[in-house]
>>> print(open('target_32.cif').read())   # mmCIF, C-alpha atoms
data_work
#
loop_
_atom_site.label_atom_id
_atom_site.label_comp_id
_atom_site.auth_asym_id
_atom_site.auth_seq_id
_atom_site.Cartn_x
_atom_site.Cartn_y
_atom_site.Cartn_z
CA LEU A 1 -23.59 -94.00 -49.75
CA PRO A 2 -26.83 -92.10 -50.17
CA PRO A 3 -26.92 -89.67 -53.09
CA SER A 4 -27.00 -86.67 -50.71
CA LEU A 5 -23.64 -87.61 -49.16
CA SER A 6 -21.91 -88.89 -52.24
CA ALA A 7 -21.73 -85.34 -53.65
CA VAL A 8 -19.80 -84.03 -50.60
CA PRO A 9 -16.01 -84.45 -51.01
CA LEU A 10 -14.35 -86.25 -48.14
CA PHE A 11 -11.12 -84.23 -48.31
CA ALA A 12 -10.71 -80.58 -49.27
CA PRO A 13 -8.55 -80.02 -52.32
CA ALA A 14 -4.95 -79.19 -51.53
CA ARG A 15 -4.09 -75.48 -51.67
CA PRO A 16 -1.04 -74.57 -53.68
CA ALA A 17 2.07 -74.04 -51.57
CA GLY A 18 2.76 -70.48 -50.54
CA THR A 19 -0.75 -69.19 -50.98
CA GLY A 20 -1.68 -69.26 -47.23
CA ARG A 21 -5.12 -68.48 -45.92
CA LEU A 22 -7.08 -65.92 -47.87
CA ARG A 23 -8.39 -62.78 -46.19
CA GLU A 24 -11.96 -63.83 -46.91
CA GLU A 25 -11.44 -67.16 -45.13
CA SER A 26 -10.15 -65.60 -41.89
CA PHE A 27 -12.43 -65.76 -38.87
CA SER A 28 -11.51 -62.14 -38.12
CA ALA A 29 -12.27 -60.84 -41.59
CA HIS A 30 -15.01 -58.64 -40.18
CA ILE A 31 -12.45 -56.77 -38.00
CA ALA A 32 -10.76 -53.81 -39.57
CA GLN A 33 -7.15 -54.78 -40.32
CA PRO A 34 -4.34 -52.26 -39.65
CA ALA A 35 -3.02 -50.50 -42.64
CA SER A 36 0.44 -51.33 -43.87
CA SER A 37 3.34 -49.23 -42.68
CA SER A 38 4.00 -48.04 -46.19
CA ALA A 39 0.54 -46.52 -46.38
CA VAL A 40 1.04 -44.36 -43.29
CA ASP A 41 3.49 -41.52 -43.33
CA SER A 42 5.92 -42.01 -40.39
CA PRO A 43 6.28 -38.90 -38.21
CA ALA A 44 9.54 -37.10 -38.26
CA ALA A 45 12.02 -38.15 -35.57
CA PRO A 46 12.44 -35.65 -32.70
CA PRO A 47 15.57 -33.59 -32.87
CA ALA A 48 18.49 -34.85 -30.80
CA LEU A 49 19.09 -32.99 -27.55
CA ALA A 50 22.30 -31.13 -27.20
CA ARG A 51 24.81 -32.69 -24.82
CA HIS A 52 25.35 -30.85 -21.59
CA PRO A 53 28.85 -30.89 -20.07
CA LEU A 54 27.46 -31.44 -16.57
CA GLY A 55 25.59 -34.55 -17.68
CA GLU A 56 28.69 -35.93 -19.38
CA ARG A 57 30.73 -35.42 -16.20
CA ARG A 58 28.12 -37.19 -14.08
CA LEU A 59 27.94 -40.11 -16.49
CA SER A 60 31.71 -40.37 -16.48
CA SER A 61 31.85 -40.40 -12.67
CA VAL A 62 29.18 -43.14 -12.51
CA LEU A 63 31.13 -45.28 -14.98
CA GLN A 64 34.36 -44.78 -13.02
CA ARG A 65 32.73 -45.82 -9.74
CA SER A 66 31.24 -48.86 -11.45
CA GLN A 67 34.66 -49.88 -12.80
CA LYS A 68 36.24 -49.52 -9.34
CA ALA A 69 33.48 -51.60 -7.76
CA CYS A 70 33.97 -54.33 -10.38
CA LEU A 71 37.70 -54.47 -9.64
CA LYS A 72 37.13 -55.17 -5.94
CA LEU A 73 37.19 -58.72 -4.71
CA TRP A 74 34.34 -59.91 -2.52
CA LYS A 75 35.41 -60.79 0.98
CA PRO A 76 33.16 -62.39 3.59
CA LYS A 77 32.68 -60.78 6.97
CA SER A 78 35.12 -61.68 9.65
CA MET A 79 33.92 -64.18 12.23
CA SER A 80 33.99 -61.61 15.03
CA ALA A 81 31.95 -59.13 13.00
CA ALA A 82 29.40 -61.78 12.06
CA VAL A 83 29.02 -63.04 15.62
CA ARG A 84 28.51 -59.55 17.04
CA GLY A 85 25.19 -59.31 15.22
CA TRP A 86 23.42 -62.00 17.26
CA GLU A 87 21.50 -59.41 19.29
CA GLY A 88 20.18 -57.85 16.09
CA ASP A 89 18.41 -61.01 14.98
CA ARG A 90 14.78 -60.18 14.24
CA LEU A 91 13.24 -63.20 15.94
CA TYR A 92 15.51 -62.88 18.95
CA SER A 93 14.46 -59.24 19.40
CA LYS A 94 10.84 -60.40 19.28
CA TYR A 95 10.93 -63.42 21.61
CA SER A 96 13.50 -62.12 24.11
CA ARG A 97 10.88 -59.67 25.41
CA SER A 98 8.46 -62.44 26.36
CA LYS A 99 7.99 -63.61 29.94
CA GLU A 100 9.09 -67.17 29.16
CA TRP A 101 12.51 -66.00 28.00
CA ASP A 102 15.32 -65.98 30.58
CA GLU A 103 19.09 -65.59 30.79
CA ARG A 104 19.67 -69.28 30.13
CA ALA A 105 17.81 -69.07 26.83
CA THR A 106 19.90 -66.04 25.88
CA ALA A 107 23.13 -67.90 26.60
CA VAL A 108 22.02 -70.91 24.54
CA PHE A 109 20.84 -68.71 21.66
CA GLN A 110 24.18 -66.88 21.55
CA ALA A 111 26.06 -70.20 21.44
CA LEU A 112 23.79 -71.51 18.69
CA TYR A 113 24.22 -68.30 16.70
CA ILE A 114 28.00 -68.74 16.81
CA TRP A 115 27.62 -72.41 15.84
CA ARG A 116 25.49 -71.44 12.85
CA GLU A 117 28.04 -68.92 11.57
CA GLU A 118 30.89 -71.42 11.90
CA THR A 119 28.88 -74.19 10.23
CA ALA A 120 27.86 -71.90 7.37
CA ARG A 121 31.50 -71.18 6.65
CA LEU A 122 32.47 -74.84 6.83
CA ALA A 123 29.58 -75.99 4.62
CA ASP A 124 29.86 -72.96 2.30
CA GLU A 125 26.18 -72.17 2.75
CA SER A 126 24.19 -69.21 3.99
CA PRO A 127 23.53 -69.13 7.76
CA HIS A 128 19.74 -69.28 7.39
CA TYR A 129 20.03 -72.28 5.06
CA VAL A 130 22.09 -74.07 7.70
CA CYS A 131 19.52 -73.41 10.42
CA PRO A 132 16.69 -70.84 10.36
CA SER A 133 16.30 -68.48 13.28
CA ASP A 134 12.99 -69.96 14.42
CA LEU A 135 14.74 -73.29 15.00
CA LEU A 136 17.41 -71.50 17.03
CA ILE A 137 14.68 -69.91 19.15
CA ASP A 138 13.03 -73.29 19.80
CA ALA A 139 16.39 -74.85 20.68
CA ALA A 140 17.15 -71.98 23.07
CA ARG A 141 13.82 -72.46 24.83
CA THR A 142 14.20 -76.24 25.05
CA PRO A 143 17.94 -76.97 24.84
CA PRO A 144 18.53 -80.29 23.00
CA LEU A 145 21.05 -82.43 24.87
CA SER A 146 20.70 -85.50 22.63
CA VAL A 147 19.86 -86.47 19.08
CA ASP A 148 16.35 -87.52 20.11
CA ALA A 149 15.73 -84.15 21.76
CA LEU A 150 16.95 -82.38 18.62
CA GLN A 151 14.63 -84.45 16.45
CA ARG A 152 11.70 -83.66 18.72
CA ILE A 153 12.26 -79.92 18.23
CA ALA A 154 12.00 -80.07 14.44
CA MET A 155 11.55 -83.01 12.11
CA PRO A 156 12.56 -82.95 9.35
CA LEU A 157 15.64 -80.95 10.21
CA PRO A 158 17.33 -78.59 7.73
CA PRO A 159 19.24 -80.40 4.95
CA VAL A 160 22.64 -79.53 6.41
CA LEU A 161 21.75 -81.27 9.69
CA GLY A 162 20.40 -84.38 7.97
CA ASP A 163 18.62 -86.69 10.40
CA GLY A 164 20.41 -85.17 13.42
CA THR A 165 23.28 -87.66 13.56
CA ASN A 166 25.88 -86.04 11.28
CA SER A 167 28.86 -84.01 12.46
CA TYR A 168 27.10 -80.64 12.16
CA ALA A 169 24.18 -81.76 14.32
CA LEU A 170 26.49 -83.30 16.92
CA ARG A 171 28.43 -80.02 17.10
CA LEU A 172 25.14 -78.22 17.69
CA ILE A 173 24.40 -80.47 20.69
CA GLU A 174 27.92 -79.95 22.05
CA SER A 175 27.52 -76.17 21.71
CA VAL A 176 24.30 -76.34 23.72
CA LYS A 177 25.96 -78.39 26.46
CA SER A 178 28.93 -76.01 26.67
CA ALA A 179 26.61 -72.98 26.86
CA LEU A 180 24.57 -74.54 29.68
CA ALA A 181 27.73 -75.50 31.63
CA ALA A 182 29.11 -71.96 31.30
CA TYR A 183 25.77 -70.49 32.37
CA GLU A 184 25.56 -72.74 35.44
CA GLN A 185 29.12 -71.83 36.41
CA ARG A 186 28.38 -68.13 36.01
CA THR A 187 25.23 -68.44 38.06
CA SER A 188 26.95 -70.31 40.90
CA LYS A 189 29.69 -67.70 41.06
CA ARG A 190 27.17 -64.89 41.02
CA PHE A 191 25.44 -66.05 44.20
CA SER A 192 28.51 -67.26 46.10
CA VAL A 193 29.98 -64.70 48.55
CA THR A 194 33.76 -64.64 48.72
CA THR A 195 36.02 -62.79 51.12
CA SER A 196 39.23 -63.09 49.14
CA PRO A 197 41.76 -60.26 49.67
CA ASN A 198 41.57 -59.53 45.92
CA CYS A 199 37.80 -59.05 46.14
CA PRO A 200 36.60 -55.47 46.77
CA LEU A 201 33.75 -56.87 48.83
CA GLY A 202 36.24 -58.73 51.07
CA GLU A 203 38.13 -55.50 51.67
CA LEU A 204 34.88 -53.73 52.42
CA LEU A 205 33.83 -56.39 54.93
CA ALA A 206 37.29 -56.37 56.57
CA GLU A 207 37.15 -52.60 56.92
CA GLU A 208 33.66 -52.85 58.36
CA ARG A 209 34.74 -55.46 60.93
CA SER A 210 37.80 -53.45 61.94
CA SER A 211 35.82 -50.24 62.24
CA SER A 212 33.12 -51.99 64.26
CA GLY A 213 35.78 -53.40 66.61
CA ALA A 214 37.35 -49.99 67.07
CA ASN A 215 33.93 -48.50 67.72
CA ASP A 216 33.30 -51.14 70.40
CA VAL A 217 36.59 -50.26 72.13
CA ARG A 218 35.85 -46.54 71.98
CA THR A 219 32.34 -47.13 73.27
CA ALA A 220 33.61 -49.14 76.26
CA HIS A 221 36.21 -46.48 77.09
CA THR A 222 33.62 -43.75 76.82
CA LYS A 223 31.29 -45.62 79.15
CA LYS A 224 34.00 -45.88 81.77
CA GLU A 225 34.78 -42.16 81.57
CA SER A 226 31.14 -41.08 81.56
CA THR A 227 30.18 -42.88 84.79
CA GLY A 228 27.57 -40.86 86.65
CA LYS A 229 26.76 -38.74 83.58
CA SER A 230 23.59 -38.92 81.53
CA ASN A 231 23.86 -41.54 78.80
CA ASN A 232 21.89 -40.39 75.77
CA THR A 233 22.67 -43.50 73.73
CA SER A 234 20.16 -45.52 75.70
CA THR A 235 17.26 -43.42 74.53
CA PRO A 236 14.83 -44.87 71.93
CA ALA A 237 15.82 -42.20 69.39
CA ALA A 238 19.49 -43.16 69.63
CA ARG A 239 18.68 -46.83 69.25
CA GLU A 240 16.53 -46.10 66.20
CA LYS A 241 19.34 -44.06 64.66
CA ALA A 242 21.83 -46.86 65.28
CA GLY A 243 19.46 -49.37 63.68
CA ALA A 244 19.02 -47.18 60.62
CA LEU A 245 22.80 -46.81 60.31
CA ALA A 246 23.28 -50.57 60.49
CA ALA A 247 20.61 -51.10 57.84
CA GLY A 248 22.32 -48.56 55.60
CA VAL A 249 25.66 -50.33 55.96
CA ALA A 250 24.04 -53.67 55.08
CA ALA A 251 22.33 -52.18 52.02
CA ALA A 252 25.58 -50.58 50.85
CA THR A 253 27.36 -53.91 51.26
CA LEU A 254 24.74 -55.70 49.19
CA VAL A 255 24.88 -53.08 46.44
CA ALA A 256 28.67 -53.29 46.32
CA LEU A 257 28.43 -57.07 46.00
CA LEU A 258 25.98 -56.89 43.11
CA ILE A 259 28.04 -54.26 41.26
CA TRP A 260 31.22 -56.23 41.64
CA ARG A 261 29.59 -59.46 40.47
CA HIS A 262 28.03 -57.69 37.48
CA ARG A 263 31.42 -56.36 36.41
CA ARG A 264 32.97 -59.79 36.81
CA THR A 265 30.38 -61.46 34.60
#
>>> encode(input="target_32.cif", output="structure tokens")
Amino acid sequence: LPPSLSAVPLFAPARPAGTGRLREESFSAHIAQPASSSAVDSPAAPPALARHPLGERRLSSVLQRSQKACLKLWKPKSMSAAVRGWEGDRLYSKYSRSKEWDERATAVFQALYIWREETARLADESPHYVCPSDLLIDAARTPPLSVDALQRIAMPLPPVLGDGTNSYALRLIESVKSALAAYEQRTSKRFSVTTSPNCPLGELLAEERSSSGANDVRTAHTKKESTGKSNNTSTPAAREKAGALAAGVAAATLVALLIWRHRRT
């Protein structure tokens, strides 16, 4: 080695154990170090506040309520109570006001909501982990009637549904089919007119036919008795009045039909 480097030691001499780094060797030696706690006189502790009886009573009541709450056993909501909240779903309240939403989508969403609650109880998972609400909305808009249709709605599916072929996913498809069948049956009944004796509309129509027949008989008898007299029923005003009365009867019949069907459904 050259003479200039031979004088430089390759390794620093070992420092005795326990000495640590000296204050002068610290990189922060130029910063003022805090004084030791022994050098500073500690301030006197503030005097303790006197206990107030009202505060002690409130603290005791809080502790008692906490103990009672800890003794209660957690119970899940009943199935009926959980299902009743389907209309309060946030996404349903948002999308049900859109123009693309119809009664069929509402029926499918309600069925899927019930399916989700039942599946969450069977799988011991939270409902939104089983199937989030946005997936329920998409399935209500485009009801999946097969595994392929379900996979086209969302892929990958939630973990509980797997690839769409397990028992939970197949129950979802069956729930959709049942909801659509019930909706179609309700719709067909709503627009079919029945004249059954148990139907208020049938009674109304029967009364209307009987009253119209009696009116025809009375009108014929009146015409025979009023031969040679002035017949005011043939005037345009009388005919207009009769037409308005017939239109009113038809409108009342239609309204009665709609009210009765709405109560049935």
>>> atom_distance(input="target_32.cif", atom1="CA of Arg121 in chain A", atom2="CA of Ala105 in chain A")
24.5 Å
>>> residues_around(input="target_32.cif", residues="range 91-93 of chain A", least_positions_apart="4", cutoff="9 Å", atoms="all atoms listed in the file", output="PyMOL selection string")
chain A and resi 86-87+97+106+109+133-134+137
>>> write_last_selection(input="target_32.cif", atoms="C-alpha atoms", output="PDB file, in the coordinates of the input")
ATOM      1  CA  TRP A  86      23.420 -62.000  17.260  1.00  0.00           C
ATOM      2  CA  GLU A  87      21.500 -59.410  19.290  1.00  0.00           C
ATOM      3  CA  ARG A  97      10.880 -59.670  25.410  1.00  0.00           C
ATOM      4  CA  THR A 106      19.900 -66.040  25.880  1.00  0.00           C
ATOM      5  CA  PHE A 109      20.840 -68.710  21.660  1.00  0.00           C
ATOM      6  CA  SER A 133      16.300 -68.480  13.280  1.00  0.00           C
ATOM      7  CA  ASP A 134      12.990 -69.960  14.420  1.00  0.00           C
ATOM      8  CA  ILE A 137      14.680 -69.910  19.150  1.00  0.00           C
TER       9      ILE A 137
END
>>> atom_distance(input="target_32.cif", atom1="CA of Ala182 in chain A", atom2="CA of Ile259 in chain A")
20.3 Å
>>> atom_distance(input="target_32.cif", atom1="CA of Tyr95 in chain A", atom2="CA of Lys177 in chain A")
21.8 Å
>>> resolve_selection(input="target_32.cif", expression="the PyMOL selection byres ((chain A and resi 165) around 10)", output="PDB file with C-alpha atoms, in the frame of the given file")
ATOM      1  CA  SER A 146      20.700 -85.500  22.630  1.00  0.00           C
ATOM      2  CA  VAL A 147      19.860 -86.470  19.080  1.00  0.00           C
ATOM      3  CA  ASP A 148      16.350 -87.520  20.110  1.00  0.00           C
ATOM      4  CA  LEU A 150      16.950 -82.380  18.620  1.00  0.00           C
ATOM      5  CA  GLN A 151      14.630 -84.450  16.450  1.00  0.00           C
ATOM      6  CA  LEU A 161      21.750 -81.270   9.690  1.00  0.00           C
ATOM      7  CA  GLY A 162      20.400 -84.380   7.970  1.00  0.00           C
ATOM      8  CA  ASP A 163      18.620 -86.690  10.400  1.00  0.00           C
ATOM      9  CA  GLY A 164      20.410 -85.170  13.420  1.00  0.00           C
ATOM     10  CA  ASN A 166      25.880 -86.040  11.280  1.00  0.00           C
ATOM     11  CA  SER A 167      28.860 -84.010  12.460  1.00  0.00           C
ATOM     12  CA  TYR A 168      27.100 -80.640  12.160  1.00  0.00           C
ATOM     13  CA  ALA A 169      24.180 -81.760  14.320  1.00  0.00           C
ATOM     14  CA  LEU A 170      26.490 -83.300  16.920  1.00  0.00           C
ATOM     15  CA  ARG A 171      28.430 -80.020  17.100  1.00  0.00           C
TER      16      ARG A 171
END
>>> resolve_selection(input="target_32.cif", expression="the PyMOL selection byres ((chain A and resi 76) around 12)", output="list in words")
Leu73, Trp74, Lys75, Lys77, Ser78, Met79, Ser80, Ala81, Ala82, Glu117, Ala120, Arg121, Asp124 and Ser126 of chain A
